[in-house]
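> Got a structure for you, questions after.
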Amino acid sequence: MLLLTVQIAQNSQMKKYLYILPFIFLCVNSYAQQVNTLFFQENVAQAQQLNPARSIDSKWVVSIPITNISLSATNEFSLSDIYYEKNGQGYIDQNALSNILSPKNNVQLSSLSSEIIGLYHQTDNFGFRVSLNYGLFQKTVYNDNLFKLLTKGPAAPGVLGETQYVSAIMDVMGYVSLNLGTNFKVNEKLSLGATIKLLSGKQQLKAKAEASFVQKDNTSFDTEVDGRFTLSGNGLGKFIDTDNNFSVNEDDMVESTTSFSNYGAAIDLGAIYQINDQWKVEASVLNLGAIKWSADDQVNYDSDLGNYNFDGLNIQDVLLGNSIESPYPTFDTLSFKEYEGKSTEMTVLPWSFNIGTSYNLTKNTTLGALYSQTNYEELILPSFTLHAQQKLGKVFGIGLSYTADKQSLAHLGGMVSVGFPGFQMYFITDNLITGAFDVEGTKTANMRFGANLNFGSSKKY
């Protein structure tokens with residue numbers, strides 16, 4: 001029956017909508033949590049994004065357009081947790097998947113952030129920065145019945161004859177941020193910093209499925225489906241075409257990207273206290289803000305899943321070879337209707353706080369520790385990082401880190417910055433080993449890379 005179910009999904013329009021919710025981002029390495037290893041990098045200007053009180057080594061820094069990108073992802077399970085091969089065939093371990101997932105509120109997050117352009121200036125006592133950034137954030141929440149239905153099929157033991165309640169919500173938003181920041185020394189011990197972010201929401205898509213499904217009989221296949229599937233979008237125009245396919249008009253995307261109809265604001269705050277020449281402690285709170293989405297360009301669709309019931313097969317017709325109605329082609333008729341009900345919505349950004357300390361073992365060797373926590377609605381993602389860094393001049397540096405989070409206690413990360421006077425390239429990750437050598441075994445992965453032009457020194461000698 002599982003084979004039939006998979007085959008049905010492959011041949012139907014409904015696959016596009018049933019599968020989009022849990023799977024569309026599960027294999028995408030985009031951003032969910034910050035790259036903790038970046039927090040300690042004084043020779044990388046973008047470290048000010050994790051603590052705006054941080055000073056940088058260079059007097060002037062220009063980020064090369066589009067090159068500074070952060071990617072990461074977190075999920076409830078890794079591929080190796082649920083997938084195995086036997087006799088050359090691949091299988092999903094249904095029992096393992098059932099044991100991993102909770103009955104409600106399984107969460108998958110991803111996003112991408114890119115510094116389009118940035119300018120940083122630093123003196124010994126004061127600094128300012130301005131940058132233009134793009135962010136893309138996605139969240140999917142689903143219950144375990146969604147995967148149970150897809151992997152086991154509607155006639156599996158424990159599923160046949162039992163009503164399966166399926167729920168899934170996906171929220172995706174893209175926005176542009178103009179960041180204006182400063183840092184300054186209050187005295188020899190204390191430094192403060194802040195970044196004001198002027199936000200403009202560009203695109204938003206929300207998908208929500210609340211449904212029940214029951215196959216009553218394993219012979220006649222009589223099936224009942226009930227529920228509702230809704231889609232709501234901003235900045236996408238009319239994104240469902242007449243054939244019920246997801247289709248975004250390029251002109252609508254360009255218009256939403258260049259317009260400023262959805263406004264918001266956020267703030268980052270940071271502080272550093274220098275205990276002595278070797279020890280310092282620091283803290284920051286990031287992304288305290290929200291975006292208000294206008295109802296003017298909002299488009300909503302819904303589909304009544306209750307239209308897809310099947311009364312069953314007549315076994316006599318099957319035995320006699322008469323023409324019969326298939327229980328499954330009805331899913332091909334899944335249709336969405338545009339409906340009114342536009343409303344102004346407020347999206348609170350995912351926000352984080354950091355508490356860290358570092359010790360200068362030598363002039364160029366630093367040891368550090370960081371507790372970080374990302375919060376989004378009811379979701380809390382804590383992490384703890386230990387770090388060691390060796391600076392080799394203004395643009396050269398290497399570092400190693402160990403990070404523990406909800407998904408794993410054994411993330412080994414690192415950083416490297418290379419270049420020559422006036423130019424720097426860097427690569428940073430919290431998942432150097434798992435991300436590079438055990439992709440199938442990781443539940444979370446992140447990286448950040450970029451290139452900067454560096455001029456002068458901010459230090460007084």
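Residue numbers start at 1 in each chain; chains themselves are named A, B, ... in the order of the structure tokens; ligands are numbered from 1 in the order shown.
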What's the 9 Å shell around Val44 (chain A), counting only C-alpha atoms, without same-chain residues fewer than 6 positions away, as a list of chain:residue names?
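Listing them by chain and then by number gives A:Leu38, A:Ile56, A:Asp57, A:Ser58, A:Val395, A:Ser417, A:Gln424, A:Tyr426, A:Asn452.
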> Could you make a table, as a Markdown table, of the residues of region 380-434 of chain A that have an atom within 12 Å of an atom of region 100-112 of chain A, each with its nearest atom pair and distance in Å to one decimal, counting only C-alpha atoms, in chain and number order?

| residue | atom | partner | partner_atom | distance |
| --- | --- | --- | --- | --- |
| A:Ile380 | CA | A:Val107 | CA | 10.8 |
| A:Leu381 | CA | A:Leu109 | CA | 10.7 |
| A:Gln407 | CA | A:Gln108 | CA | 11.7 |
> Write the selection just made, keeping N, CA and C atoms, as a PDB file, in the first residue's frame?

ATOM      1  N   ILE A 380      12.837  27.904  21.170  1.00  0.00           N
ATOM      2  CA  ILE A 380      14.059  28.366  21.820  1.00  0.00           C
ATOM      3  C   ILE A 380      15.207  27.473  21.370  1.00  0.00           C
ATOM      4  N   LEU A 381      16.283  28.084  20.863  1.00  0.00           N
ATOM      5  CA  LEU A 381      17.441  27.345  20.368  1.00  0.00           C
ATOM      6  C   LEU A 381      18.695  27.809  21.110  1.00  0.00           C
ATOM      7  N   GLN A 407      20.609  19.990  18.986  1.00  0.00           N
ATOM      8  CA  GLN A 407      20.674  18.901  18.025  1.00  0.00           C
ATOM      9  C   GLN A 407      21.885  17.997  18.221  1.00  0.00           C
TER      10      GLN A 407
END
> Set the distance at 7 Å and use only C-alpha atoms: which residues neighbour Tyr165 (chain A) once local chain neighbours fewer than 6 positions away are removed? I'd like the list as a PyMOL selection string.
chain A and resi 145+211-213
> Could the residues in this selection be written to a file with N, CA and C atoms, as a PDB file, in the first residue's frame?

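So the final result, stored in selection.pdb, reads:
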ATOM      1  N   ASN A 145       1.857  12.889  12.295  1.00  0.00           N
ATOM      2  CA  ASN A 145       0.947  12.182  11.388  1.00  0.00           C
ATOM      3  C   ASN A 145       1.213  12.509   9.925  1.00  0.00           C
ATOM      4  N   ALA A 211      -6.113  18.943   8.222  1.00  0.00           N
ATOM      5  CA  ALA A 211      -6.897  17.940   7.505  1.00  0.00           C
ATOM      6  C   ALA A 211      -7.013  16.657   8.310  1.00  0.00           C
ATOM      7  N   SER A 212      -8.036  15.887   7.978  1.00  0.00           N
ATOM      8  CA  SER A 212      -8.187  14.530   8.508  1.00  0.00           C
ATOM      9  C   SER A 212      -8.315  13.578   7.330  1.00  0.00           C
ATOM     10  N   PHE A 213      -7.780  12.372   7.504  1.00  0.00           N
ATOM     11  CA  PHE A 213      -7.746  11.391   6.423  1.00  0.00           C
ATOM     12  C   PHE A 213      -7.995  10.021   7.021  1.00  0.00           C
TER      13      PHE A 213
END
> Using only C-alpha atoms, which of A:Thr195, A:Ser247, A:Thr242, A:Gln203 sits nearest Ser259 (chain A)?
A:Gln203
> What gap, in Å, lies between CA of Ala53 (chain A) and CA of Leu269 (chain A)?
7.6 Å
> What does the distance between CA of Leu400 (chain A) and CA of Gly118 (chain A) come to in Å, to one decimal place?
26.6 Å
> Identify which of the residues A:Ser343, A:Asn36, A:Asn262, A:Gln274 lies closest to Lys292 (chain A), counting only C-alpha atoms when measuring atom-to-atom distances.
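Closest to Lys292 (chain A) of all the choices is A:Asn262.
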> In Å to one decimal, how far is CA of Asn431 (chain A) from CA of Leu79 (chain A)?
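Taking CA of Leu79 (chain A) as the start and CA of Asn431 (chain A) as the end point, the length is 16.1 Å.
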> Excluding Gly397 (chain A) and residues on its chain fewer than 2 positions from it, collect all residues at most 12 Å away from it, counting only C-alpha atoms, and give them as an NGL selection string.
:A and (40-44 or 364-366 or 388-395 or 399-400 or 414-420 or 424-428)
> Pull N, CA and C atoms from the residues just selected and write them as a compact mmCIF listing (two decimals), in the first residue's frame.

# COMPACT_ATOMS: atom_id res chain seq x y z
N PHE A 40 33.84 35.82 17.88
CA PHE A 40 35.15 36.11 18.45
C PHE A 40 36.12 36.76 17.47
N GLN A 41 35.70 37.04 16.24
CA GLN A 41 36.64 37.45 15.20
C GLN A 41 36.80 38.96 15.14
N GLU A 42 37.80 39.50 15.84
CA GLU A 42 38.01 40.95 15.83
C GLU A 42 38.61 41.43 14.52
N ASN A 43 39.20 40.55 13.75
CA ASN A 43 39.77 40.98 12.47
C ASN A 43 38.80 40.80 11.31
N VAL A 44 37.52 40.46 11.61
CA VAL A 44 36.47 40.38 10.59
C VAL A 44 35.39 41.40 10.96
N ASN A 364 48.28 37.88 20.32
CA ASN A 364 47.56 37.43 19.14
C ASN A 364 46.81 36.12 19.33
N THR A 365 46.83 35.56 20.55
CA THR A 365 46.15 34.30 20.83
C THR A 365 45.04 34.53 21.84
N THR A 366 43.82 34.13 21.49
CA THR A 366 42.66 34.39 22.32
C THR A 366 41.87 33.11 22.54
N ALA A 388 39.15 29.04 20.24
CA ALA A 388 40.55 29.45 20.31
C ALA A 388 40.94 30.07 18.98
N GLN A 389 41.60 31.24 19.02
CA GLN A 389 41.94 31.96 17.80
C GLN A 389 43.39 32.41 17.83
N GLN A 390 44.03 32.33 16.67
CA GLN A 390 45.39 32.84 16.51
C GLN A 390 45.38 33.85 15.36
N LYS A 391 45.66 35.12 15.69
CA LYS A 391 45.75 36.15 14.66
C LYS A 391 47.16 36.19 14.10
N LEU A 392 47.25 36.35 12.79
CA LEU A 392 48.54 36.42 12.11
C LEU A 392 48.58 37.69 11.28
N GLY A 393 48.51 38.83 11.96
CA GLY A 393 48.43 40.11 11.27
C GLY A 393 47.00 40.60 11.18
N LYS A 394 46.78 41.60 10.31
CA LYS A 394 45.47 42.24 10.22
C LYS A 394 44.44 41.39 9.47
N VAL A 395 44.89 40.62 8.50
CA VAL A 395 43.93 39.89 7.66
C VAL A 395 44.07 38.38 7.78
N GLY A 399 41.20 29.73 13.52
CA GLY A 399 40.50 29.47 14.78
C GLY A 399 39.84 28.11 14.77
N LEU A 400 39.65 27.56 15.96
CA LEU A 400 38.93 26.31 16.15
C LEU A 400 37.86 26.52 17.20
N GLY A 414 35.40 25.99 12.85
CA GLY A 414 36.66 26.68 12.66
C GLY A 414 36.49 27.90 11.79
N MET A 415 37.57 28.66 11.66
CA MET A 415 37.58 29.83 10.80
C MET A 415 38.96 29.99 10.20
N VAL A 416 38.99 30.62 9.06
CA VAL A 416 40.25 31.00 8.45
C VAL A 416 40.02 32.30 7.69
N SER A 417 40.92 33.25 7.88
CA SER A 417 40.89 34.49 7.11
C SER A 417 42.24 34.65 6.44
N VAL A 418 42.22 34.93 5.16
CA VAL A 418 43.44 35.04 4.37
C VAL A 418 43.35 36.28 3.50
N GLY A 419 44.49 36.71 2.98
CA GLY A 419 44.49 37.84 2.09
C GLY A 419 45.85 38.50 2.02
N PHE A 420 45.81 39.77 1.70
CA PHE A 420 47.02 40.58 1.63
C PHE A 420 46.62 41.99 2.01
N GLN A 424 40.81 40.96 2.18
CA GLN A 424 40.62 39.84 3.10
C GLN A 424 39.49 38.95 2.62
N MET A 425 39.71 37.63 2.70
CA MET A 425 38.66 36.64 2.50
C MET A 425 38.57 35.81 3.76
N TYR A 426 37.35 35.40 4.13
CA TYR A 426 37.19 34.60 5.34
C TYR A 426 36.14 33.52 5.13
N PHE A 427 36.29 32.45 5.88
CA PHE A 427 35.32 31.36 5.91
C PHE A 427 35.18 30.90 7.35
N ILE A 428 33.93 30.81 7.84
CA ILE A 428 33.67 30.49 9.24
C ILE A 428 32.52 29.50 9.31
> Of the candidates A:Asn287, A:Thr67, A:Gln94, A:Gln48, which shows the shortest atom-to-atom distance to Leu198 (chain A), using only C-alpha atoms?
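Of A:Asn287, A:Thr67, A:Gln94, A:Gln48, the one nearest Leu198 (chain A), counting only C-alpha atoms, is A:Asn287.
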> Looking at only C-alpha atoms, which of A:Ala73, A:Leu367, A:Val186, A:Leu205 is the one that sits closest to Asn125 (chain A)?
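Checking each candidate against Asn125 (chain A), we get A:Val186 as the closest.
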> Closest to His411 (chain A) among A:Thr442, A:Thr258, A:Gln122, A:Ser294, using only C-alpha atoms?
A:Thr442
> If you run DSSP on the backbone here, which positions in region 31-272 of chain A get strand (DSSP E or B)? Please write them as a tab-separated table (two decimals) with C-alpha atoms, in the first residue's frame.

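To be explicit, this is the file written out as part_3.tsv:
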chain	number	residue	atom	x	y	z
A	60	TRP	CA	38.17	51.37	7.12
A	61	VAL	CA	36.46	48.27	5.76
A	62	VAL	CA	34.33	47.97	2.63
A	63	SER	CA	32.50	44.69	2.14
A	68	ASN	CA	29.26	38.22	2.42
A	69	ILE	CA	26.70	35.45	2.90
A	70	SER	CA	25.53	33.39	5.88
A	71	LEU	CA	23.85	30.00	5.45
A	72	SER	CA	22.62	27.45	7.98
A	73	ALA	CA	19.81	25.00	8.85
A	74	THR	CA	18.36	23.04	11.74
A	83	TYR	CA	17.42	6.37	5.82
A	84	TYR	CA	19.18	3.08	5.15
A	85	GLU	CA	20.10	0.92	2.17
A	86	LYS	CA	19.62	-2.82	1.76
A	89	GLN	CA	17.68	-0.23	-2.40
A	90	GLY	CA	17.05	2.81	-0.24
A	91	TYR	CA	14.45	2.74	2.53
A	92	ILE	CA	12.93	5.09	5.08
A	106	ASN	CA	8.08	19.43	15.03
A	107	VAL	CA	10.04	22.40	13.72
A	108	GLN	CA	12.39	23.01	10.82
A	109	LEU	CA	14.03	26.39	10.26
A	110	SER	CA	16.12	27.88	7.51
A	111	SER	CA	17.09	31.27	6.16
A	112	LEU	CA	19.70	33.14	4.21
A	113	SER	CA	21.30	36.49	4.94
A	114	SER	CA	23.49	38.50	2.61
A	115	GLU	CA	25.29	41.79	3.13
A	116	ILE	CA	24.71	43.52	-0.19
A	117	ILE	CA	27.16	46.32	0.62
A	118	GLY	CA	28.73	47.60	3.83
A	119	LEU	CA	31.03	50.38	5.03
A	120	TYR	CA	32.79	50.21	8.42
A	121	HIS	CA	34.95	52.85	10.12
A	122	GLN	CA	36.83	52.43	13.39
A	126	PHE	CA	34.68	55.32	18.21
A	127	GLY	CA	33.28	53.53	15.19
A	128	PHE	CA	30.34	53.68	12.81
A	129	ARG	CA	28.98	51.44	10.08
A	130	VAL	CA	26.28	51.41	7.43
A	131	SER	CA	25.19	48.39	5.44
A	132	LEU	CA	22.40	47.15	3.21
A	133	ASN	CA	21.34	43.55	3.80
A	134	TYR	CA	18.85	41.01	2.49
A	135	GLY	CA	17.34	38.33	4.72
A	136	LEU	CA	15.23	35.26	3.93
A	137	PHE	CA	13.70	33.30	6.79
A	138	GLN	CA	11.54	30.16	6.79
A	139	LYS	CA	9.81	28.14	9.48
A	140	THR	CA	7.86	24.89	9.11
A	141	VAL	CA	5.87	23.27	11.94
A	142	TYR	CA	4.19	19.90	11.48
A	164	GLN	CA	-5.31	10.65	10.92
A	165	TYR	CA	-5.27	14.35	11.80
A	166	VAL	CA	-2.61	16.16	9.81
A	167	SER	CA	-1.41	19.70	10.43
A	168	ALA	CA	1.42	21.69	8.91
A	169	ILE	CA	2.27	25.37	8.76
A	170	MET	CA	4.98	26.99	6.67
A	171	ASP	CA	5.96	30.67	6.90
A	172	VAL	CA	8.52	32.26	4.57
A	173	MET	CA	9.50	35.92	4.45
A	174	GLY	CA	12.11	37.98	2.64
A	175	TYR	CA	13.13	41.48	3.65
A	176	VAL	CA	15.73	44.21	3.11
A	177	SER	CA	17.46	45.90	6.03
A	178	LEU	CA	19.32	49.23	6.08
A	179	ASN	CA	21.62	49.07	9.12
A	180	LEU	CA	23.10	52.14	10.85
A	181	GLY	CA	25.41	51.35	13.76
A	182	THR	CA	27.95	52.81	16.13
A	183	ASN	CA	30.27	51.72	18.92
A	184	PHE	CA	32.16	53.86	21.42
A	185	LYS	CA	34.26	53.68	24.56
A	190	LEU	CA	33.29	49.87	29.20
A	191	SER	CA	32.33	49.99	25.52
A	192	LEU	CA	28.77	50.21	24.18
A	193	GLY	CA	27.24	49.81	20.75
A	194	ALA	CA	23.93	49.85	18.92
A	195	THR	CA	22.60	49.21	15.43
A	196	ILE	CA	19.32	50.62	14.15
A	197	LYS	CA	17.73	48.56	11.38
A	198	LEU	CA	15.20	50.06	8.99
A	199	LEU	CA	13.29	47.14	7.47
A	200	SER	CA	11.24	46.72	4.32
A	201	GLY	CA	9.32	43.47	3.85
A	202	LYS	CA	9.53	42.20	0.27
A	203	GLN	CA	7.82	38.82	0.01
A	204	GLN	CA	5.88	36.64	2.40
A	205	LEU	CA	4.18	33.26	1.91
A	206	LYS	CA	2.14	31.38	4.50
A	207	ALA	CA	0.79	27.88	3.89
A	208	LYS	CA	-1.45	26.07	6.36
A	209	ALA	CA	-2.99	22.61	6.15
A	210	GLU	CA	-5.46	21.24	8.70
A	211	ALA	CA	-6.90	17.94	7.50
A	212	SER	CA	-8.19	14.53	8.51
A	213	PHE	CA	-7.75	11.39	6.42
A	214	VAL	CA	-9.14	7.89	6.90
A	215	GLN	CA	-9.21	4.83	4.65
A	223	THR	CA	-11.68	7.00	1.80
A	224	GLU	CA	-12.74	10.20	3.54
A	225	VAL	CA	-10.77	13.42	3.54
A	226	ASP	CA	-11.76	16.60	5.30
A	227	GLY	CA	-10.11	19.89	6.12
A	228	ARG	CA	-8.78	23.05	4.57
A	229	PHE	CA	-5.60	24.15	2.85
A	230	THR	CA	-4.89	27.91	2.77
A	231	LEU	CA	-2.19	29.98	1.12
A	232	SER	CA	-1.54	33.65	1.82
A	233	GLY	CA	1.07	35.78	0.09
A	234	ASN	CA	2.43	39.33	0.08
A	240	ILE	CA	-1.81	30.33	-8.25
A	246	PHE	CA	2.18	27.66	-8.05
A	263	TYR	CA	7.76	48.74	6.92
A	264	GLY	CA	9.51	47.66	10.07
A	265	ALA	CA	12.34	48.41	12.44
A	266	ALA	CA	14.69	46.53	14.73
A	267	ILE	CA	17.60	47.25	17.04
A	268	ASP	CA	20.79	45.49	18.16
A	269	LEU	CA	22.40	46.41	21.49
A	270	GLY	CA	25.79	45.39	22.83
A	271	ALA	CA	28.25	45.99	25.66
A	272	ILE	CA	31.84	44.97	26.45
> Neighbouring residues of Gln34 (chain A) were defined as those with any atom within 10 Å, considering only C-alpha atoms; residues of the same chain fewer than 4 positions away were excluded. Please report them as a VMD selection string.
chain A and resid 38 to 39 49 to 50 70 to 72 352 372 to 374 383 429 to 430 446 to 448
